[in-house]
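K.L.:
Have a look at the structure that comes next, please.
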Amino acid sequence: MDKLGSRCPLPGLLRPSVLICLLILTASFLTYPMLRTLSLQLHSTVTGSYVSGTYSIVFVNCPNEQIARDIARAILDKKLAASVNILPKASSLYFWNGEIEEATEILLLIKTKTSKVHVLSSYIRLTAQLRQSSW
């Protein structure tokens, strides 16, 4: 009976292997979002297929076609998008100073990687601010 009792751990103490398993599970749980993103990107690269959440479409309204073309070219030159569609004559209705206004705008449909959306939107905002200050 002494030998059997010496092999069993004391009650309340965890074996080192159980602690290691708990640490691995905790680390896996905490890194899951990053691991999922990496695995989706790897799958997309290896198979050449689309994976939800890796690509986005950004819509931008422009006051005229020349500004739309300038922004589209600049975005493509900086490699912030794969392609840009320029859709002419979008009719827009909106509230301005408490009244309904109507205008014709040019719509940019920008296709890009989701990882570039933040940089792309910052660039477009900066471009718009620079254009407004030069008017």
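Just remember, in the structure tokens the first chain shown is A, the second B, etc., residues are 1-based per chain, and ligands are 1-based in the order shown.
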Apply DSSP to the structure's backbone, then extract all residues of stretch 4-134 of chain A labelled strand (DSSP E) and return them as a PDB file with N, CA, C and O atoms, in the first residue's frame.
P.N.:
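Dumped everything to out_27.pdb:
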```pdb
ATOM      1  N   TYR A  55     -10.967  40.882 -48.538  1.00  0.00           N
ATOM      2  CA  TYR A  55     -11.094  41.939 -49.530  1.00  0.00           C
ATOM      3  C   TYR A  55     -12.304  42.800 -49.209  1.00  0.00           C
ATOM      4  O   TYR A  55     -13.277  42.341 -48.628  1.00  0.00           O
ATOM      5  N   SER A  56     -12.227  44.072 -49.590  1.00  0.00           N
ATOM      6  CA  SER A  56     -13.308  45.012 -49.313  1.00  0.00           C
ATOM      7  C   SER A  56     -13.565  45.888 -50.525  1.00  0.00           C
ATOM      8  O   SER A  56     -12.699  46.039 -51.391  1.00  0.00           O
ATOM      9  N   ILE A  57     -14.759  46.477 -50.549  1.00  0.00           N
ATOM     10  CA  ILE A  57     -15.110  47.483 -51.545  1.00  0.00           C
ATOM     11  C   ILE A  57     -15.394  48.774 -50.798  1.00  0.00           C
ATOM     12  O   ILE A  57     -16.141  48.786 -49.820  1.00  0.00           O
ATOM     13  N   VAL A  58     -14.779  49.846 -51.262  1.00  0.00           N
ATOM     14  CA  VAL A  58     -14.937  51.158 -50.637  1.00  0.00           C
ATOM     15  C   VAL A  58     -15.645  52.072 -51.637  1.00  0.00           C
ATOM     16  O   VAL A  58     -15.270  52.122 -52.809  1.00  0.00           O
ATOM     17  N   PHE A  59     -16.670  52.782 -51.178  1.00  0.00           N
ATOM     18  CA  PHE A  59     -17.409  53.719 -52.016  1.00  0.00           C
ATOM     19  C   PHE A  59     -17.004  55.145 -51.642  1.00  0.00           C
ATOM     20  O   PHE A  59     -16.993  55.497 -50.470  1.00  0.00           O
ATOM     21  N   VAL A  60     -16.707  55.958 -52.659  1.00  0.00           N
ATOM     22  CA  VAL A  60     -16.329  57.353 -52.432  1.00  0.00           C
ATOM     23  C   VAL A  60     -17.074  58.217 -53.441  1.00  0.00           C
ATOM     24  O   VAL A  60     -17.032  57.950 -54.646  1.00  0.00           O
ATOM     25  N   ASN A  61     -17.750  59.261 -52.966  1.00  0.00           N
ATOM     26  CA  ASN A  61     -18.418  60.214 -53.847  1.00  0.00           C
ATOM     27  C   ASN A  61     -17.474  61.360 -54.155  1.00  0.00           C
ATOM     28  O   ASN A  61     -16.790  61.867 -53.264  1.00  0.00           O
ATOM     29  N   CYS A  62     -17.456  61.775 -55.420  1.00  0.00           N
ATOM     30  CA  CYS A  62     -16.622  62.892 -55.862  1.00  0.00           C
ATOM     31  C   CYS A  62     -17.513  63.929 -56.534  1.00  0.00           C
ATOM     32  O   CYS A  62     -18.509  63.580 -57.161  1.00  0.00           O
ATOM     33  N   SER A  83      -8.233  47.846 -58.154  1.00  0.00           N
ATOM     34  CA  SER A  83      -8.923  48.504 -59.263  1.00  0.00           C
ATOM     35  C   SER A  83      -9.913  49.517 -58.714  1.00  0.00           C
ATOM     36  O   SER A  83     -10.331  49.449 -57.565  1.00  0.00           O
ATOM     37  N   VAL A  84     -10.266  50.459 -59.593  1.00  0.00           N
ATOM     38  CA  VAL A  84     -11.233  51.503 -59.241  1.00  0.00           C
ATOM     39  C   VAL A  84     -12.202  51.652 -60.399  1.00  0.00           C
ATOM     40  O   VAL A  84     -11.784  51.839 -61.542  1.00  0.00           O
ATOM     41  N   ASN A  85     -13.494  51.552 -60.113  1.00  0.00           N
ATOM     42  CA  ASN A  85     -14.522  51.818 -61.111  1.00  0.00           C
ATOM     43  C   ASN A  85     -15.045  53.231 -60.891  1.00  0.00           C
ATOM     44  O   ASN A  85     -15.300  53.633 -59.756  1.00  0.00           O
ATOM     45  N   ILE A  86     -15.214  53.969 -61.988  1.00  0.00           N
ATOM     46  CA  ILE A  86     -15.779  55.319 -61.921  1.00  0.00           C
ATOM     47  C   ILE A  86     -17.182  55.239 -62.504  1.00  0.00           C
ATOM     48  O   ILE A  86     -17.363  54.967 -63.690  1.00  0.00           O
ATOM     49  N   LEU A  87     -18.161  55.451 -61.646  1.00  0.00           N
ATOM     50  CA  LEU A  87     -19.565  55.363 -62.059  1.00  0.00           C
ATOM     51  C   LEU A  87     -20.134  56.783 -62.166  1.00  0.00           C
ATOM     52  O   LEU A  87     -20.295  57.469 -61.157  1.00  0.00           O
ATOM     53  N   PRO A  88     -20.447  57.222 -63.373  1.00  0.00           N
ATOM     54  CA  PRO A  88     -20.863  58.614 -63.571  1.00  0.00           C
ATOM     55  C   PRO A  88     -22.308  58.873 -63.168  1.00  0.00           C
ATOM     56  O   PRO A  88     -23.130  57.969 -63.119  1.00  0.00           O
ATOM     57  N   LYS A  89     -22.556  60.118 -62.888  1.00  0.00           N
ATOM     58  CA  LYS A  89     -23.918  60.644 -62.691  1.00  0.00           C
ATOM     59  C   LYS A  89     -24.730  59.923 -61.617  1.00  0.00           C
ATOM     60  O   LYS A  89     -25.811  59.411 -61.876  1.00  0.00           O
ATOM     61  N   ALA A  90     -24.213  59.884 -60.411  1.00  0.00           N
ATOM     62  CA  ALA A  90     -24.991  59.358 -59.286  1.00  0.00           C
ATOM     63  C   ALA A  90     -25.795  60.517 -58.699  1.00  0.00           C
ATOM     64  O   ALA A  90     -25.232  61.557 -58.350  1.00  0.00           O
ATOM     65  N   SER A  91     -27.090  60.361 -58.631  1.00  0.00           N
ATOM     66  CA  SER A  91     -27.933  61.390 -58.027  1.00  0.00           C
ATOM     67  C   SER A  91     -27.969  61.172 -56.523  1.00  0.00           C
ATOM     68  O   SER A  91     -28.251  60.073 -56.061  1.00  0.00           O
ATOM     69  N   SER A  92     -27.678  62.231 -55.790  1.00  0.00           N
ATOM     70  CA  SER A  92     -27.640  62.142 -54.328  1.00  0.00           C
ATOM     71  C   SER A  92     -28.625  63.116 -53.719  1.00  0.00           C
ATOM     72  O   SER A  92     -28.715  64.274 -54.129  1.00  0.00           O
ATOM     73  N   LEU A  93     -29.378  62.619 -52.757  1.00  0.00           N
ATOM     74  CA  LEU A  93     -30.259  63.468 -51.956  1.00  0.00           C
ATOM     75  C   LEU A  93     -29.763  63.382 -50.521  1.00  0.00           C
ATOM     76  O   LEU A  93     -29.457  62.290 -50.034  1.00  0.00           O
ATOM     77  N   TYR A  94     -29.678  64.522 -49.837  1.00  0.00           N
ATOM     78  CA  TYR A  94     -29.130  64.542 -48.492  1.00  0.00           C
ATOM     79  C   TYR A  94     -29.645  65.757 -47.731  1.00  0.00           C
ATOM     80  O   TYR A  94     -30.136  66.722 -48.313  1.00  0.00           O
ATOM     81  N   PHE A  95     -29.554  65.693 -46.411  1.00  0.00           N
ATOM     82  CA  PHE A  95     -29.914  66.827 -45.572  1.00  0.00           C
ATOM     83  C   PHE A  95     -28.714  67.753 -45.442  1.00  0.00           C
ATOM     84  O   PHE A  95     -27.590  67.310 -45.208  1.00  0.00           O
ATOM     85  N   TRP A  96     -28.934  69.063 -45.591  1.00  0.00           N
ATOM     86  CA  TRP A  96     -27.903  70.059 -45.378  1.00  0.00           C
ATOM     87  C   TRP A  96     -28.558  71.293 -44.772  1.00  0.00           C
ATOM     88  O   TRP A  96     -29.483  71.848 -45.356  1.00  0.00           O
ATOM     89  N   GLU A  99     -32.392  71.161 -44.519  1.00  0.00           N
ATOM     90  CA  GLU A  99     -33.197  71.056 -45.733  1.00  0.00           C
ATOM     91  C   GLU A  99     -32.666  69.914 -46.615  1.00  0.00           C
ATOM     92  O   GLU A  99     -31.499  69.561 -46.561  1.00  0.00           O
ATOM     93  N   ILE A 100     -33.561  69.382 -47.440  1.00  0.00           N
ATOM     94  CA  ILE A 100     -33.165  68.322 -48.367  1.00  0.00           C
ATOM     95  C   ILE A 100     -32.546  68.969 -49.597  1.00  0.00           C
ATOM     96  O   ILE A 100     -33.140  69.837 -50.233  1.00  0.00           O
ATOM     97  N   GLU A 101     -31.329  68.530 -49.911  1.00  0.00           N
ATOM     98  CA  GLU A 101     -30.605  69.018 -51.082  1.00  0.00           C
ATOM     99  C   GLU A 101     -30.466  67.875 -52.085  1.00  0.00           C
ATOM    100  O   GLU A 101     -30.569  66.713 -51.730  1.00  0.00           O
ATOM    101  N   GLU A 102     -30.201  68.243 -53.326  1.00  0.00           N
ATOM    102  CA  GLU A 102     -29.994  67.247 -54.380  1.00  0.00           C
ATOM    103  C   GLU A 102     -28.764  67.648 -55.190  1.00  0.00           C
ATOM    104  O   GLU A 102     -28.558  68.823 -55.470  1.00  0.00           O
ATOM    105  N   ALA A 103     -27.937  66.651 -55.533  1.00  0.00           N
ATOM    106  CA  ALA A 103     -26.727  66.933 -56.308  1.00  0.00           C
ATOM    107  C   ALA A 103     -26.398  65.728 -57.185  1.00  0.00           C
ATOM    108  O   ALA A 103     -26.861  64.618 -56.939  1.00  0.00           O
ATOM    109  N   THR A 104     -25.592  65.993 -58.209  1.00  0.00           N
ATOM    110  CA  THR A 104     -25.074  64.922 -59.047  1.00  0.00           C
ATOM    111  C   THR A 104     -23.620  64.724 -58.666  1.00  0.00           C
ATOM    112  O   THR A 104     -22.854  65.684 -58.578  1.00  0.00           O
ATOM    113  N   GLU A 105     -23.246  63.475 -58.421  1.00  0.00           N
ATOM    114  CA  GLU A 105     -21.887  63.152 -58.015  1.00  0.00           C
ATOM    115  C   GLU A 105     -21.361  62.003 -58.853  1.00  0.00           C
ATOM    116  O   GLU A 105     -22.120  61.318 -59.531  1.00  0.00           O
ATOM    117  N   ILE A 106     -20.067  61.810 -58.775  1.00  0.00           N
ATOM    118  CA  ILE A 106     -19.411  60.687 -59.433  1.00  0.00           C
ATOM    119  C   ILE A 106     -19.032  59.702 -58.333  1.00  0.00           C
ATOM    120  O   ILE A 106     -18.445  60.083 -57.324  1.00  0.00           O
ATOM    121  N   LEU A 107     -19.362  58.442 -58.522  1.00  0.00           N
ATOM    122  CA  LEU A 107     -19.103  57.425 -57.508  1.00  0.00           C
ATOM    123  C   LEU A 107     -17.875  56.600 -57.880  1.00  0.00           C
ATOM    124  O   LEU A 107     -17.785  56.083 -58.989  1.00  0.00           O
ATOM    125  N   LEU A 108     -16.932  56.501 -56.937  1.00  0.00           N
ATOM    126  CA  LEU A 108     -15.791  55.605 -57.096  1.00  0.00           C
ATOM    127  C   LEU A 108     -16.093  54.324 -56.350  1.00  0.00           C
ATOM    128  O   LEU A 108     -16.504  54.356 -55.187  1.00  0.00           O
ATOM    129  N   LEU A 109     -15.904  53.204 -57.008  1.00  0.00           N
ATOM    130  CA  LEU A 109     -16.045  51.889 -56.394  1.00  0.00           C
ATOM    131  C   LEU A 109     -14.632  51.310 -56.364  1.00  0.00           C
ATOM    132  O   LEU A 109     -14.076  50.962 -57.397  1.00  0.00           O
ATOM    133  N   ILE A 110     -14.044  51.266 -55.171  1.00  0.00           N
ATOM    134  CA  ILE A 110     -12.637  50.907 -55.018  1.00  0.00           C
ATOM    135  C   ILE A 110     -12.532  49.500 -54.452  1.00  0.00           C
ATOM    136  O   ILE A 110     -13.082  49.216 -53.383  1.00  0.00           O
ATOM    137  N   LYS A 111     -11.808  48.619 -55.150  1.00  0.00           N
ATOM    138  CA  LYS A 111     -11.615  47.238 -54.702  1.00  0.00           C
ATOM    139  C   LYS A 111     -10.214  47.118 -54.117  1.00  0.00           C
ATOM    140  O   LYS A 111      -9.225  47.397 -54.798  1.00  0.00           O
ATOM    141  N   THR A 112     -10.147  46.691 -52.850  1.00  0.00           N
ATOM    142  CA  THR A 112      -8.869  46.643 -52.155  1.00  0.00           C
ATOM    143  C   THR A 112      -8.839  45.516 -51.132  1.00  0.00           C
ATOM    144  O   THR A 112      -9.864  44.895 -50.857  1.00  0.00           O
ATOM    145  N   LYS A 113      -7.675  45.279 -50.561  1.00  0.00           N
ATOM    146  CA  LYS A 113      -7.564  44.334 -49.462  1.00  0.00           C
ATOM    147  C   LYS A 113      -8.101  44.990 -48.200  1.00  0.00           C
ATOM    148  O   LYS A 113      -7.903  46.189 -47.984  1.00  0.00           O
TER     149      LYS A 113
END
```
K.L.:
Which is closest to A:Arg131 among A:Leu42, A:Lys116, A:Asp70, A:Leu76, if we use only C-alpha atoms?
P.N.:
A:Asp70
K.L.:
What parts of chain A does DSSP call helix (DSSP H, G or I)? I'd like the answer as an NGL selection string.
P.N.:
:A and (2-7 or 16-47 or 65-77 or 114-134)
K.L.:
Can I get the selection written as a PDB file, in the first residue's frame, with C-alpha atoms?
P.N.:
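Wrote it out as result08.pdb, contents follow:
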```pdb
ATOM      1  CA  ASP A   2       2.922   2.318   0.619  1.00  0.00           C
ATOM      2  CA  LYS A   3       4.146   1.979  -2.940  1.00  0.00           C
ATOM      3  CA  LEU A   4       0.737   2.771  -4.424  1.00  0.00           C
ATOM      4  CA  GLY A   5       0.359   5.843  -2.259  1.00  0.00           C
ATOM      5  CA  SER A   6       3.796   7.148  -3.217  1.00  0.00           C
ATOM      6  CA  ARG A   7       2.919   7.159  -6.940  1.00  0.00           C
ATOM      7  CA  PRO A  16       3.016  19.384 -14.519  1.00  0.00           C
ATOM      8  CA  SER A  17       1.469  17.900 -17.691  1.00  0.00           C
ATOM      9  CA  VAL A  18      -1.960  19.265 -16.704  1.00  0.00           C
ATOM     10  CA  LEU A  19      -0.441  22.712 -16.109  1.00  0.00           C
ATOM     11  CA  ILE A  20       1.242  22.623 -19.514  1.00  0.00           C
ATOM     12  CA  CYS A  21      -2.060  21.671 -21.177  1.00  0.00           C
ATOM     13  CA  LEU A  22      -3.823  24.552 -19.413  1.00  0.00           C
ATOM     14  CA  LEU A  23      -1.117  26.988 -20.539  1.00  0.00           C
ATOM     15  CA  ILE A  24      -1.371  25.777 -24.145  1.00  0.00           C
ATOM     16  CA  LEU A  25      -5.172  26.098 -24.109  1.00  0.00           C
ATOM     17  CA  THR A  26      -4.974  29.610 -22.638  1.00  0.00           C
ATOM     18  CA  ALA A  27      -2.353  30.705 -25.178  1.00  0.00           C
ATOM     19  CA  SER A  28      -4.431  29.224 -28.029  1.00  0.00           C
ATOM     20  CA  PHE A  29      -7.550  31.028 -26.844  1.00  0.00           C
ATOM     21  CA  LEU A  30      -5.737  34.361 -26.557  1.00  0.00           C
ATOM     22  CA  THR A  31      -4.054  34.107 -29.977  1.00  0.00           C
ATOM     23  CA  TYR A  32      -7.058  32.660 -31.860  1.00  0.00           C
ATOM     24  CA  PRO A  33      -7.973  35.855 -33.799  1.00  0.00           C
ATOM     25  CA  MET A  34      -4.408  36.265 -35.045  1.00  0.00           C
ATOM     26  CA  LEU A  35      -4.053  32.572 -35.896  1.00  0.00           C
ATOM     27  CA  ARG A  36      -7.396  32.587 -37.738  1.00  0.00           C
ATOM     28  CA  THR A  37      -6.387  35.607 -39.823  1.00  0.00           C
ATOM     29  CA  LEU A  38      -3.036  34.069 -40.703  1.00  0.00           C
ATOM     30  CA  SER A  39      -4.614  30.754 -41.629  1.00  0.00           C
ATOM     31  CA  LEU A  40      -7.211  32.485 -43.860  1.00  0.00           C
ATOM     32  CA  GLN A  41      -4.489  34.450 -45.632  1.00  0.00           C
ATOM     33  CA  LEU A  42      -2.389  31.325 -46.074  1.00  0.00           C
ATOM     34  CA  HIS A  43      -5.386  29.407 -47.457  1.00  0.00           C
ATOM     35  CA  SER A  44      -6.198  32.255 -49.837  1.00  0.00           C
ATOM     36  CA  THR A  45      -2.599  32.436 -51.064  1.00  0.00           C
ATOM     37  CA  VAL A  46      -2.173  28.687 -51.531  1.00  0.00           C
ATOM     38  CA  THR A  47      -5.509  28.036 -53.240  1.00  0.00           C
ATOM     39  CA  GLU A  65     -15.284  63.363 -63.045  1.00  0.00           C
ATOM     40  CA  GLN A  66     -11.845  65.037 -63.135  1.00  0.00           C
ATOM     41  CA  ILE A  67     -11.446  64.805 -59.357  1.00  0.00           C
ATOM     42  CA  ALA A  68     -12.670  61.206 -59.465  1.00  0.00           C
ATOM     43  CA  ARG A  69     -10.068  60.309 -62.113  1.00  0.00           C
ATOM     44  CA  ASP A  70      -7.295  62.092 -60.182  1.00  0.00           C
ATOM     45  CA  ILE A  71      -8.141  60.251 -56.958  1.00  0.00           C
ATOM     46  CA  ALA A  72      -8.458  56.902 -58.760  1.00  0.00           C
ATOM     47  CA  ARG A  73      -5.044  57.294 -60.422  1.00  0.00           C
ATOM     48  CA  ALA A  74      -3.384  58.385 -57.177  1.00  0.00           C
ATOM     49  CA  ILE A  75      -4.860  55.397 -55.304  1.00  0.00           C
ATOM     50  CA  LEU A  76      -3.621  52.996 -57.978  1.00  0.00           C
ATOM     51  CA  ASP A  77      -0.185  54.667 -58.152  1.00  0.00           C
ATOM     52  CA  THR A 114      -9.319  44.739 -46.130  1.00  0.00           C
ATOM     53  CA  SER A 115      -5.927  45.298 -44.514  1.00  0.00           C
ATOM     54  CA  LYS A 116      -5.481  48.461 -46.648  1.00  0.00           C
ATOM     55  CA  VAL A 117      -8.877  50.067 -45.953  1.00  0.00           C
ATOM     56  CA  HIS A 118      -7.631  52.172 -43.030  1.00  0.00           C
ATOM     57  CA  VAL A 119      -4.654  53.571 -44.982  1.00  0.00           C
ATOM     58  CA  LEU A 120      -6.855  54.097 -48.051  1.00  0.00           C
ATOM     59  CA  SER A 121      -9.519  56.043 -46.134  1.00  0.00           C
ATOM     60  CA  SER A 122      -6.852  58.175 -44.422  1.00  0.00           C
ATOM     61  CA  TYR A 123      -5.285  58.946 -47.800  1.00  0.00           C
ATOM     62  CA  ILE A 124      -8.650  59.906 -49.345  1.00  0.00           C
ATOM     63  CA  ARG A 125      -9.510  62.164 -46.386  1.00  0.00           C
ATOM     64  CA  LEU A 126      -6.111  63.861 -46.621  1.00  0.00           C
ATOM     65  CA  THR A 127      -6.512  64.322 -50.380  1.00  0.00           C
ATOM     66  CA  ALA A 128      -9.992  65.822 -49.898  1.00  0.00           C
ATOM     67  CA  GLN A 129      -8.713  68.232 -47.226  1.00  0.00           C
ATOM     68  CA  LEU A 130      -5.848  69.370 -49.451  1.00  0.00           C
ATOM     69  CA  ARG A 131      -8.246  69.912 -52.378  1.00  0.00           C
ATOM     70  CA  GLN A 132     -10.664  71.936 -50.221  1.00  0.00           C
ATOM     71  CA  SER A 133      -7.902  74.139 -48.861  1.00  0.00           C
ATOM     72  CA  SER A 134      -6.721  74.941 -52.414  1.00  0.00           C
TER      73      SER A 134
END
```
